[in-house]
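data-v1.txt follows (compact mmCIF, C-alpha atoms and all ligand atoms):
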```txt
# COMPACT_ATOMS: atom_id res chain seq x y z
CA MET E 1 121.59 116.16 111.18
CA SER E 2 123.00 118.44 113.87
CA ARG E 3 126.70 118.14 114.58
CA LYS E 4 127.83 116.11 117.55
CA VAL E 5 130.03 117.68 120.20
CA ALA E 6 133.01 115.92 121.79
CA LEU E 7 134.82 117.01 124.94
CA ILE E 8 138.45 115.90 125.05
CA SER E 9 140.29 116.40 128.33
CA GLY E 10 143.99 117.25 128.01
CA ALA E 11 143.73 118.34 124.38
CA SER E 12 146.43 121.03 124.41
CA ARG E 13 149.06 118.59 123.11
CA GLY E 14 149.95 114.97 122.47
CA ILE E 15 147.23 112.35 122.01
CA GLY E 16 144.40 114.68 123.11
CA ALA E 17 145.35 117.29 120.50
CA ALA E 18 145.45 114.60 117.79
CA VAL E 19 142.02 113.33 118.89
CA ALA E 20 140.56 116.86 118.77
CA ARG E 21 141.98 117.47 115.28
CA THR E 22 140.76 114.10 114.00
CA LEU E 23 137.23 114.45 115.39
CA ALA E 24 136.99 117.99 113.99
CA LYS E 25 138.04 116.72 110.56
CA ASP E 26 135.34 114.05 110.92
CA GLY E 27 132.78 116.86 111.25
CA LEU E 28 132.34 117.11 115.02
CA ASP E 29 132.45 120.22 117.16
CA VAL E 30 135.06 119.92 119.91
CA ILE E 31 135.74 121.15 123.42
CA LEU E 32 139.44 121.10 124.27
CA THR E 33 140.42 121.14 127.92
CA CYS E 34 143.81 121.97 129.37
CA VAL E 35 145.21 122.85 132.77
CA GLN E 36 148.37 124.87 132.06
CA GLN E 37 148.98 125.18 128.35
CA ARG E 38 146.09 127.50 127.53
CA ALA E 39 147.84 129.20 124.60
CA ALA E 40 148.47 125.85 122.92
CA ALA E 41 144.83 124.81 123.35
CA ASP E 42 143.62 128.19 122.05
CA ALA E 43 145.83 127.84 118.96
CA ILE E 44 144.43 124.38 118.18
CA ALA E 45 140.87 125.60 118.69
CA GLU E 46 141.53 128.48 116.29
CA GLU E 47 142.94 126.04 113.73
CA LEU E 48 139.86 123.82 114.07
CA ARG E 49 137.38 126.70 113.75
CA ALA E 50 138.99 127.38 110.39
CA LEU E 51 137.67 123.96 109.29
CA GLY E 52 134.16 125.32 109.74
CA GLY E 53 133.09 123.80 113.04
CA LYS E 54 132.87 125.09 116.59
CA ALA E 55 135.70 124.68 119.08
CA TRP E 56 135.71 125.73 122.72
CA VAL E 57 138.56 125.75 125.24
CA ALA E 58 138.04 125.11 128.96
CA GLN E 59 140.91 125.44 131.41
CA PHE E 60 140.58 123.53 134.68
CA ASP E 61 142.37 120.91 136.75
CA VAL E 62 140.46 117.65 136.36
CA ARG E 63 141.52 116.73 139.93
CA ASP E 64 139.55 119.68 141.28
CA ALA E 65 135.91 118.62 141.68
CA GLU E 66 134.53 122.14 142.09
CA ALA E 67 136.47 123.64 139.21
CA SER E 68 135.55 120.73 136.94
CA ARG E 69 131.86 120.94 137.77
CA ALA E 70 131.77 124.72 137.28
CA ALA E 71 133.54 124.47 133.92
CA ILE E 72 131.33 121.67 132.66
CA GLU E 73 128.13 123.35 133.83
CA GLN E 74 129.18 126.46 131.94
CA LEU E 75 129.81 124.40 128.81
CA LEU E 76 126.49 122.56 129.16
CA ALA E 77 124.73 125.93 129.30
CA GLU E 78 126.15 126.61 125.82
CA THR E 79 126.03 123.24 124.11
CA GLU E 80 125.07 119.59 124.35
CA ILE E 81 128.00 117.19 124.81
CA HIS E 82 127.58 113.80 123.14
CA ILE E 83 131.06 112.31 123.43
CA VAL E 84 133.68 112.50 126.19
CA VAL E 85 137.28 111.40 125.81
CA ASN E 86 138.98 111.16 129.21
CA ASN E 87 142.54 111.69 128.06
CA ALA E 88 144.17 113.99 130.65
CA GLY E 89 146.94 112.05 132.36
CA VAL E 90 150.36 112.38 133.94
CA VAL E 91 153.24 110.14 134.93
CA ALA E 92 155.47 110.40 138.01
CA ASP E 93 157.56 107.25 137.83
CA ALA E 94 159.60 105.90 140.72
CA PRO E 95 160.45 102.49 142.15
CA PHE E 96 157.80 101.79 144.78
CA PRO E 97 160.01 102.22 147.89
CA GLY E 98 160.79 105.74 146.70
CA LEU E 99 157.29 106.64 145.55
CA THR E 100 156.07 109.71 147.42
CA SER E 101 152.50 110.24 148.54
CA GLU E 102 152.44 113.36 146.35
CA ALA E 103 153.44 111.35 143.24
CA TRP E 104 150.90 108.64 144.07
CA HIS E 105 148.06 111.14 144.38
CA ARG E 106 149.08 113.32 141.43
CA VAL E 107 148.88 110.34 139.08
CA VAL E 108 145.94 108.45 140.61
CA ASP E 109 143.85 111.57 141.17
CA THR E 110 144.41 112.93 137.65
CA THR E 111 143.22 109.66 136.11
CA LEU E 112 140.50 108.53 138.50
CA ASP E 113 139.16 111.74 140.05
CA GLY E 114 139.56 113.24 136.57
CA PHE E 115 137.40 110.50 135.07
CA PHE E 116 134.73 111.01 137.74
CA ASN E 117 134.78 114.82 137.76
CA VAL E 118 134.54 115.16 133.99
CA THR E 119 132.25 112.25 133.15
CA GLN E 120 129.68 112.27 135.93
CA PRO E 121 127.99 115.59 135.00
CA LEU E 122 127.77 114.48 131.35
CA VAL E 123 126.07 111.14 131.88
CA MET E 124 122.48 112.13 132.71
CA PRO E 125 122.14 114.30 129.60
CA MET E 126 123.44 111.32 127.55
CA VAL E 127 120.91 109.03 129.24
CA ARG E 128 118.08 111.42 128.41
CA ARG E 129 119.30 111.65 124.80
CA LYS E 130 119.74 107.87 124.59
CA TRP E 131 123.05 108.28 122.82
CA GLY E 132 126.59 108.73 124.05
CA ARG E 133 130.21 107.72 123.79
CA ILE E 134 132.57 107.61 126.77
CA ILE E 135 136.16 106.81 125.81
CA ASN E 136 138.79 106.45 128.51
CA ILE E 137 142.47 106.62 127.65
CA SER E 138 144.05 103.99 129.85
CA SER E 139 147.44 102.39 129.15
CA ILE E 140 148.91 98.98 128.48
CA ALA E 141 150.61 99.50 131.87
CA GLY E 142 147.15 99.20 133.43
CA VAL E 143 146.73 95.79 131.81
CA THR E 144 150.17 94.26 132.33
CA GLY E 145 151.70 96.37 135.10
CA ASN E 146 155.06 98.08 134.69
CA ARG E 147 158.13 98.46 136.87
CA GLY E 148 158.44 101.94 138.33
CA GLN E 149 154.81 102.72 137.54
CA VAL E 150 152.83 101.33 140.48
CA ASN E 151 150.90 104.61 140.72
CA TYR E 152 150.31 104.91 136.96
CA ALA E 153 149.38 101.22 136.47
CA ALA E 154 147.01 101.35 139.46
CA ALA E 155 145.32 104.45 138.06
CA LYS E 156 145.02 103.04 134.55
CA ALA E 157 143.78 99.64 135.80
CA GLY E 158 141.24 101.47 137.94
CA LEU E 159 140.07 103.31 134.86
CA ILE E 160 139.52 99.98 133.11
CA GLY E 161 137.37 98.79 136.04
CA ALA E 162 135.34 101.99 135.84
CA THR E 163 134.97 101.53 132.08
CA LYS E 164 133.64 97.99 132.34
CA SER E 165 131.23 98.82 135.18
CA LEU E 166 129.86 101.99 133.60
CA ALA E 167 129.44 100.13 130.28
CA LEU E 168 127.11 97.69 132.04
CA GLU E 169 125.12 100.53 133.61
CA LEU E 170 124.68 102.45 130.37
CA ALA E 171 124.44 99.80 127.65
CA SER E 172 120.65 99.78 127.56
CA ARG E 173 120.69 103.55 127.00
CA ASN E 174 122.70 103.26 123.80
CA ILE E 175 125.76 104.76 125.45
CA THR E 176 129.03 102.92 124.88
CA VAL E 177 131.93 103.04 127.32
CA ASN E 178 135.30 101.77 126.15
CA ALA E 179 138.95 102.09 127.11
CA VAL E 180 141.96 102.50 124.87
CA ALA E 181 145.25 101.08 126.13
CA PRO E 182 148.17 102.58 124.19
CA GLY E 183 151.73 101.33 124.39
CA LEU E 184 154.61 103.72 123.79
CA ILE E 185 153.30 106.76 121.89
CA ASP E 186 155.49 109.61 120.67
CA THR E 187 154.47 112.57 122.85
CA GLU E 188 156.07 114.76 125.53
CA MET E 189 155.00 112.16 128.10
CA ILE E 190 157.72 109.72 127.00
CA ALA E 191 160.45 112.36 126.66
CA SER E 192 162.47 110.88 129.53
CA ALA E 193 161.57 107.20 128.98
CA PRO E 194 164.36 104.75 128.01
CA ILE E 195 162.90 104.36 124.52
CA GLU E 196 165.59 102.16 122.95
CA GLU E 197 165.34 99.76 125.89
CA ILE E 198 161.51 99.57 125.70
CA LEU E 199 161.54 99.13 121.92
CA LYS E 200 163.39 95.83 122.35
CA HIS E 201 160.06 94.49 123.68
CA VAL E 202 157.87 96.07 120.98
CA PRO E 203 157.42 93.63 118.08
CA MET E 204 156.95 96.49 115.59
CA ARG E 205 160.22 98.06 116.87
CA ARG E 206 158.87 101.60 116.78
CA VAL E 207 156.86 103.99 118.90
CA GLY E 208 153.27 104.71 117.88
CA THR E 209 152.02 108.12 116.80
CA ALA E 210 149.33 110.21 118.46
CA GLN E 211 147.50 110.08 115.13
CA GLU E 212 147.33 106.27 115.25
CA VAL E 213 145.66 106.48 118.67
CA ALA E 214 143.38 109.30 117.48
CA ASP E 215 142.17 107.22 114.54
CA LEU E 216 141.14 104.42 116.92
CA VAL E 217 139.37 106.90 119.20
CA ALA E 218 137.57 108.41 116.19
CA PHE E 219 136.29 104.97 115.23
CA ILE E 220 135.03 104.27 118.75
CA ALA E 221 133.36 107.71 118.78
CA SER E 222 131.58 107.05 115.49
CA GLU E 223 128.27 105.39 114.65
CA LYS E 224 130.29 102.53 113.18
CA ALA E 225 131.24 101.36 116.69
CA SER E 226 127.66 101.24 117.95
CA TYR E 227 127.70 97.56 119.12
CA MET E 228 131.00 97.67 121.02
CA THR E 229 131.04 98.49 124.72
CA GLY E 230 132.98 97.61 127.86
CA GLN E 231 136.10 96.83 125.85
CA VAL E 232 139.78 97.61 126.30
CA LEU E 233 141.41 98.20 122.92
CA SER E 234 145.19 97.91 122.99
CA ILE E 235 147.26 99.87 120.48
CA THR E 236 150.83 98.89 121.19
CA GLY E 237 152.67 97.69 118.09
CA GLY E 238 152.18 94.17 119.38
CA LEU E 239 153.63 94.73 122.88
P1 LIG C 301 150.98 114.69 127.29
O1 LIG C 301 151.85 114.80 128.49
O2 LIG C 301 151.55 115.00 125.95
O3 LIG C 301 149.64 115.58 127.50
C1 LIG C 301 148.93 115.49 128.68
C2 LIG C 301 147.67 116.31 128.57
O4 LIG C 301 146.92 116.16 129.79
C3 LIG C 301 147.91 117.79 128.41
O5 LIG C 301 146.94 118.33 127.55
C4 LIG C 301 147.74 118.34 129.82
O6 LIG C 301 147.29 119.70 129.85
C5 LIG C 301 146.64 117.44 130.34
N1 LIG C 301 146.60 117.36 131.79
C6 LIG C 301 147.56 116.86 132.62
N2 LIG C 301 147.18 116.96 133.90
C7 LIG C 301 145.96 117.55 133.90
C8 LIG C 301 145.05 117.96 134.91
N3 LIG C 301 145.32 117.76 136.21
N4 LIG C 301 143.90 118.56 134.54
C9 LIG C 301 143.62 118.75 133.24
N5 LIG C 301 144.44 118.40 132.23
C10 LIG C 301 145.59 117.81 132.56
O7 LIG C 301 150.43 113.19 127.34
P2 LIG C 301 150.01 112.16 126.19
O8 LIG C 301 149.34 112.85 125.08
O9 LIG C 301 151.17 111.28 125.93
O10 LIG C 301 148.95 111.28 127.01
C11 LIG C 301 147.55 111.41 126.88
C12 LIG C 301 146.92 110.24 127.61
O11 LIG C 301 147.39 109.01 127.03
C13 LIG C 301 147.28 110.17 129.10
O12 LIG C 301 146.18 109.75 129.84
C14 LIG C 301 148.37 109.11 129.13
O13 LIG C 301 148.45 108.49 130.38
C15 LIG C 301 147.90 108.17 128.05
N6 LIG C 301 148.95 107.33 127.52
C16 LIG C 301 150.05 107.86 126.91
C17 LIG C 301 151.05 107.02 126.43
C18 LIG C 301 152.28 107.53 125.77
O14 LIG C 301 153.20 106.71 125.52
N7 LIG C 301 152.39 108.80 125.45
C19 LIG C 301 150.95 105.57 126.57
C20 LIG C 301 149.74 105.12 127.21
C21 LIG C 301 148.79 105.97 127.65
P3 LIG C 301 148.36 120.95 129.83
O15 LIG C 301 149.03 120.90 128.48
O16 LIG C 301 147.49 122.15 129.99
O17 LIG C 301 149.32 120.72 130.95
```
Kindly transcribe the structure held in the file into C-alpha cells.
Ligand code: NDP
Amino acid sequence: MSRKVALISGASRGIGAAVARTLAKDGLDVILTCVQQRAAADAIAEELRALGGKAWVAQFDVRDAEASRAAIEQLLAETEIHIVVNNAGVVADAPFPGLTSEAWHRVVDTTLDGFFNVTQPLVMPMVRRKWGRIINISSIAGVTGNRGQVNYAAAKAGLIGATKSLALELASRNITVNAVAPGLIDTEMIASAPIEEILKHVPMRRVGTAQEVADLVAFIASEKASYMTGQVLSITGGL
C-alpha cells in the first residue's frame, strides 16, 4: 500500500510539531507548514526523513489566500495529500472593550481564513479519491467561551461550525471531518497564561502535553476512526 501524506499547518513547534512527529512514526509522509520559524520546521523535517519517510516544508501565511493557494498547488504538483490537520493558530487576548480590530482579525483570520485557504484546494482531490481526513484544531474555549478571549473563542467556535457542516457535505465520499478541542496544553502559546489559576478548574490538576493531543489526532487520522465524523473531541483533563 502506498504511504499516505498528511499536511499539518503550523508544524514548526508545539502541537503541530508533535502531530507531525507522531504521524511520521505511524508511517505517513508529512508536509509541515510554518510562517516564521522556517529553521525549526526544516530541522523537524530532517529528523523525520531520518525515519525513512518523506517530509516537506512549506512556508506561507495561512491568512494569505494567494500565498496559500500557490504553496498548496506547488505541493499538489509533487504529491497527493490525503490528510489535513488545520492546526495553525494564534492568541491575542484582551478584555472585549480593549480588543483592537487588529487583534480580532489576526486571531479570527488565522483560524477561519486559514481553514478555508488550506482546506479548500485539498477537498476535490479527496472527493475524487473517495478517502480523506480533515482534522481541525479548535479549543475548549470555542465550546464554553472564555473571558478575555472573545476573538479566539469566536474563531474556534466558527471552526466547529465549519467542521460539522463540511462533515455533512463529505460523509458520503468517505471523508471524515472532525474537530479537536484541547484545554490547556504545554506549548509556547500558554507561556503568559495564568496557569496556576486555570489549573484550579482542571480536575486533573495539570496541563496536557502536545503528545497527548497528537495521539488523539493520529487516531482520528487513522483507518480505525473511519466511522466517526462531524465530532468535537475534547482533550482537557476533565475541564
Ligand atoms: P504554538 O504557538 O506553539 O504554535 C503555533 C503554530 O502555528 C506555529 O507553528 C506557527 O508557525 C503557526 N502559525 C501561527 N500563525 C500562522 C499563520 N498566520 N500562518 C501559518 N502558520 C501560522 O501553538 P500551539 O501548538 O499551542 O497551538 C496549536 C493549535 O492548538 C492552535 O490552533 C491553538 O489555537 C490550538 N490550541 C492550543 C492550546 C494550548 O493550550 N496550547 C489549547 C487549545 C487549542 P511559526 O512557528 O512559523 O510562527
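For the atom pair formed by CA of Ala191 (chain E) and CA of Thr163 (chain E), the distance is 28.2 Å, given to one decimal.
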Near Glu47 (chain E), within 12 Å and counting only C-alpha atoms, which residues show up once chain neighbours fewer than 5 positions away are dropped, as an NGL selection string? :E and (17 or 20-21 or 24-25 or 30 or 40-42 or 52-56)
Just-selected residues, C-alpha atoms written as a CSV table (one decimal), in the frame of the given file:
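Result written to result-v5.csv:
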```csv
chain,number,residue,atom,x,y,z
E,17,ALA,CA,145.4,117.3,120.5
E,20,ALA,CA,140.6,116.9,118.8
E,21,ARG,CA,142.0,117.5,115.3
E,24,ALA,CA,137.0,118.0,114.0
E,25,LYS,CA,138.0,116.7,110.6
E,30,VAL,CA,135.1,119.9,119.9
E,40,ALA,CA,148.5,125.8,122.9
E,41,ALA,CA,144.8,124.8,123.4
E,42,ASP,CA,143.6,128.2,122.0
E,52,GLY,CA,134.2,125.3,109.7
E,53,GLY,CA,133.1,123.8,113.0
E,54,LYS,CA,132.9,125.1,116.6
E,55,ALA,CA,135.7,124.7,119.1
E,56,TRP,CA,135.7,125.7,122.7
```
Exercise answer, 7 Å around ligand LIG 301 (chain C) with all atoms listed in the file, as a short mmCIF file (atom, residue, chain, number, x, y, z; two decimals) with C-alpha atoms, keeping the file's coordinate frame:
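The resulting file, selection-v8.cif, is shown below:
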```cif
data_model
loop_
_atom_site.label_atom_id
_atom_site.label_comp_id
_atom_site.auth_asym_id
_atom_site.auth_seq_id
_atom_site.Cartn_x
_atom_site.Cartn_y
_atom_site.Cartn_z
CA SER E 9 140.29 116.40 128.33
CA GLY E 10 143.99 117.25 128.01
CA ALA E 11 143.73 118.34 124.38
CA SER E 12 146.43 121.03 124.41
CA ARG E 13 149.06 118.59 123.11
CA GLY E 14 149.95 114.97 122.47
CA ILE E 15 147.23 112.35 122.01
CA GLY E 16 144.40 114.68 123.11
CA THR E 33 140.42 121.14 127.92
CA CYS E 34 143.81 121.97 129.37
CA VAL E 35 145.21 122.85 132.77
CA GLN E 36 148.37 124.87 132.06
CA GLN E 37 148.98 125.18 128.35
CA ARG E 38 146.09 127.50 127.53
CA PHE E 60 140.58 123.53 134.68
CA ASP E 61 142.37 120.91 136.75
CA VAL E 62 140.46 117.65 136.36
CA ARG E 63 141.52 116.73 139.93
CA ASN E 87 142.54 111.69 128.06
CA ALA E 88 144.17 113.99 130.65
CA GLY E 89 146.94 112.05 132.36
CA VAL E 90 150.36 112.38 133.94
CA VAL E 91 153.24 110.14 134.93
CA THR E 110 144.41 112.93 137.65
CA THR E 111 143.22 109.66 136.11
CA ILE E 137 142.47 106.62 127.65
CA SER E 138 144.05 103.99 129.85
CA SER E 139 147.44 102.39 129.15
CA ILE E 140 148.91 98.98 128.48
CA ALA E 181 145.25 101.08 126.13
CA PRO E 182 148.17 102.58 124.19
CA GLY E 183 151.73 101.33 124.39
CA LEU E 184 154.61 103.72 123.79
CA ILE E 185 153.30 106.76 121.89
CA ASP E 186 155.49 109.61 120.67
CA THR E 187 154.47 112.57 122.85
CA GLU E 188 156.07 114.76 125.53
CA MET E 189 155.00 112.16 128.10
CA ILE E 190 157.72 109.72 127.00
#
```
Students should find that CA of Ser192 (chain E) and CA of Ala94 (chain E) are spaced 12.6 Å
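We find CA of His82 (chain E) and CA of Thr176 (chain E) to be spaced 11.1 Å apart.
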Counting all atoms listed in the file, the option among E:Arg106, E:Glu46, E:Gly208, E:Glu169 closest to Tyr152 (chain E): E:Arg106
Of the candidates E:Ala77, E:Ala153, E:Ala162, E:Ala167, which shows the shortest atom-to-atom distance to Pro125 (chain E), using only C-alpha atoms? E:Ala77
Between E:Glu66, E:Glu197, E:Asp29, E:Glu80, which one has atoms that come closest to Met124 (chain E), using only C-alpha atoms? E:Glu80
Please enclose the listed atoms of region 223-234 of chain E in an axis-aligned box, pad each side by 6 Å, and write out the centre and the three edge lengths in Å, rounded to one decimal, as AutoDock Vina command-line options.
```
--center_x 136.4 --center_y 101.1 --center_z 120.5 --size_x 29.5 --size_y 20.6 --size_z 26.7
```
Name all residues at most 10 Å from Val150 (chain E) (count only C-alpha atoms; drop same-chain ones fewer than 3 positions away) and give them as an MDAnalysis selection string. chainID E and resid 92:96 99 104 107:108 141:142 145:147 153:156
Could you give me, as a Markdown table, every region 15-43 of chain E residue with an atom at most 7 Å from region 211-230 of chain E, plus its closest atom pair and distance in Å to one decimal, counting all atoms listed in the file, rows ordered by chain then number?
```
| residue | atom | partner | partner_atom | distance |
| --- | --- | --- | --- | --- |
| E:Ile15 | CA | E:Ala214 | CA | 6.7 |
| E:Ala18 | CA | E:Gln211 | CA | 5.6 |
| E:Val19 | CA | E:Ala214 | CA | 4.5 |
| E:Thr22 | CA | E:Ala214 | CA | 6.5 |
| E:Leu23 | CA | E:Ala218 | CA | 6.1 |
```
Using only C-alpha atoms, the best pick from E:Ile72, E:Leu28, E:Ile195, E:Val177 as closest to Leu51 (chain E) would be E:Leu28
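Comparing E:Val57, E:Ile135, E:Ala70, E:Val207 by their smallest distance to Phe115 (chain E), the closest is E:Ile135 (using only C-alpha atoms).
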Selected residue, from E:Ala179, E:Leu48, E:Ile235, E:Val123, that lies nearest to Met204 (chain E) when counting only C-alpha atoms: E:Ile235
Env of Leu122 (chain E): 12 Å cut, atoms = only C-alpha atoms, seq-sep filter 4 positions within chain, self excluded. Answer as a count of residues only. 31
N, CA and C atoms are what I want for region 65-92 of chain E; can you complete it accordingly and write them as a short mmCIF file (atom, residue, chain, number, x, y, z; two decimals), in the frame of the given file?
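The resulting file, result.cif, is reproduced below:
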```cif
data_model
loop_
_atom_site.label_atom_id
_atom_site.label_comp_id
_atom_site.auth_asym_id
_atom_site.auth_seq_id
_atom_site.Cartn_x
_atom_site.Cartn_y
_atom_site.Cartn_z
N ALA E 65 137.33 118.93 141.91
CA ALA E 65 135.91 118.62 141.68
C ALA E 65 135.10 119.89 141.41
N GLU E 66 135.32 120.91 142.23
CA GLU E 66 134.53 122.14 142.09
C GLU E 66 134.81 122.83 140.76
N ALA E 67 136.09 122.96 140.45
CA ALA E 67 136.47 123.64 139.21
C ALA E 67 135.95 122.87 138.00
N SER E 68 136.02 121.54 138.07
CA SER E 68 135.55 120.73 136.94
C SER E 68 134.05 120.91 136.76
N ARG E 69 133.32 120.83 137.87
CA ARG E 69 131.86 120.94 137.77
C ARG E 69 131.46 122.32 137.23
N ALA E 70 132.11 123.36 137.74
CA ALA E 70 131.77 124.72 137.28
C ALA E 70 132.04 124.85 135.78
N ALA E 71 133.19 124.34 135.33
CA ALA E 71 133.54 124.47 133.92
C ALA E 71 132.56 123.68 133.04
N ILE E 72 132.21 122.50 133.49
CA ILE E 72 131.33 121.67 132.66
C ILE E 72 129.90 122.21 132.67
N GLU E 73 129.47 122.73 133.81
CA GLU E 73 128.13 123.35 133.83
C GLU E 73 128.06 124.53 132.87
N GLN E 74 129.15 125.31 132.84
CA GLN E 74 129.18 126.46 131.94
C GLN E 74 129.12 126.00 130.47
N LEU E 75 129.84 124.93 130.18
CA LEU E 75 129.81 124.40 128.81
C LEU E 75 128.42 123.87 128.46
N LEU E 76 127.81 123.16 129.42
CA LEU E 76 126.49 122.56 129.16
C LEU E 76 125.41 123.63 128.98
N ALA E 77 125.68 124.83 129.51
CA ALA E 77 124.73 125.93 129.30
C ALA E 77 124.81 126.41 127.85
N GLU E 78 125.95 126.14 127.20
CA GLU E 78 126.15 126.61 125.82
C GLU E 78 125.87 125.56 124.78
N THR E 79 126.10 124.29 125.13
CA THR E 79 126.03 123.24 124.11
C THR E 79 125.73 121.88 124.74
N GLU E 80 125.16 121.00 123.94
CA GLU E 80 125.07 119.59 124.35
C GLU E 80 126.46 118.97 124.21
N ILE E 81 126.72 117.92 124.95
CA ILE E 81 128.00 117.19 124.81
C ILE E 81 127.65 115.71 124.64
N HIS E 82 128.00 115.17 123.48
CA HIS E 82 127.58 113.80 123.14
C HIS E 82 128.66 112.76 123.40
N ILE E 83 129.92 113.23 123.37
CA ILE E 83 131.06 112.31 123.43
C ILE E 83 132.06 112.88 124.43
N VAL E 84 132.61 112.03 125.31
CA VAL E 84 133.68 112.50 126.19
C VAL E 84 134.88 111.56 126.05
N VAL E 85 136.03 112.16 125.88
CA VAL E 85 137.28 111.40 125.81
C VAL E 85 138.11 111.80 127.03
N ASN E 86 138.20 110.90 127.99
CA ASN E 86 138.98 111.16 129.21
C ASN E 86 140.43 110.82 128.92
N ASN E 87 141.16 111.87 128.54
CA ASN E 87 142.54 111.69 128.06
C ASN E 87 143.57 112.32 128.98
N ALA E 88 143.19 113.31 129.80
CA ALA E 88 144.17 113.99 130.65
C ALA E 88 144.87 112.96 131.53
N GLY E 89 146.19 113.01 131.55
CA GLY E 89 146.94 112.05 132.36
C GLY E 89 148.36 112.53 132.57
N VAL E 90 148.97 112.04 133.63
CA VAL E 90 150.36 112.38 133.94
C VAL E 90 151.09 111.13 134.41
N VAL E 91 152.42 111.19 134.31
CA VAL E 91 153.24 110.14 134.93
C VAL E 91 154.13 110.78 135.99
N ALA E 92 154.48 110.00 137.00
CA ALA E 92 155.47 110.40 138.01
C ALA E 92 156.12 109.10 138.46
#
```
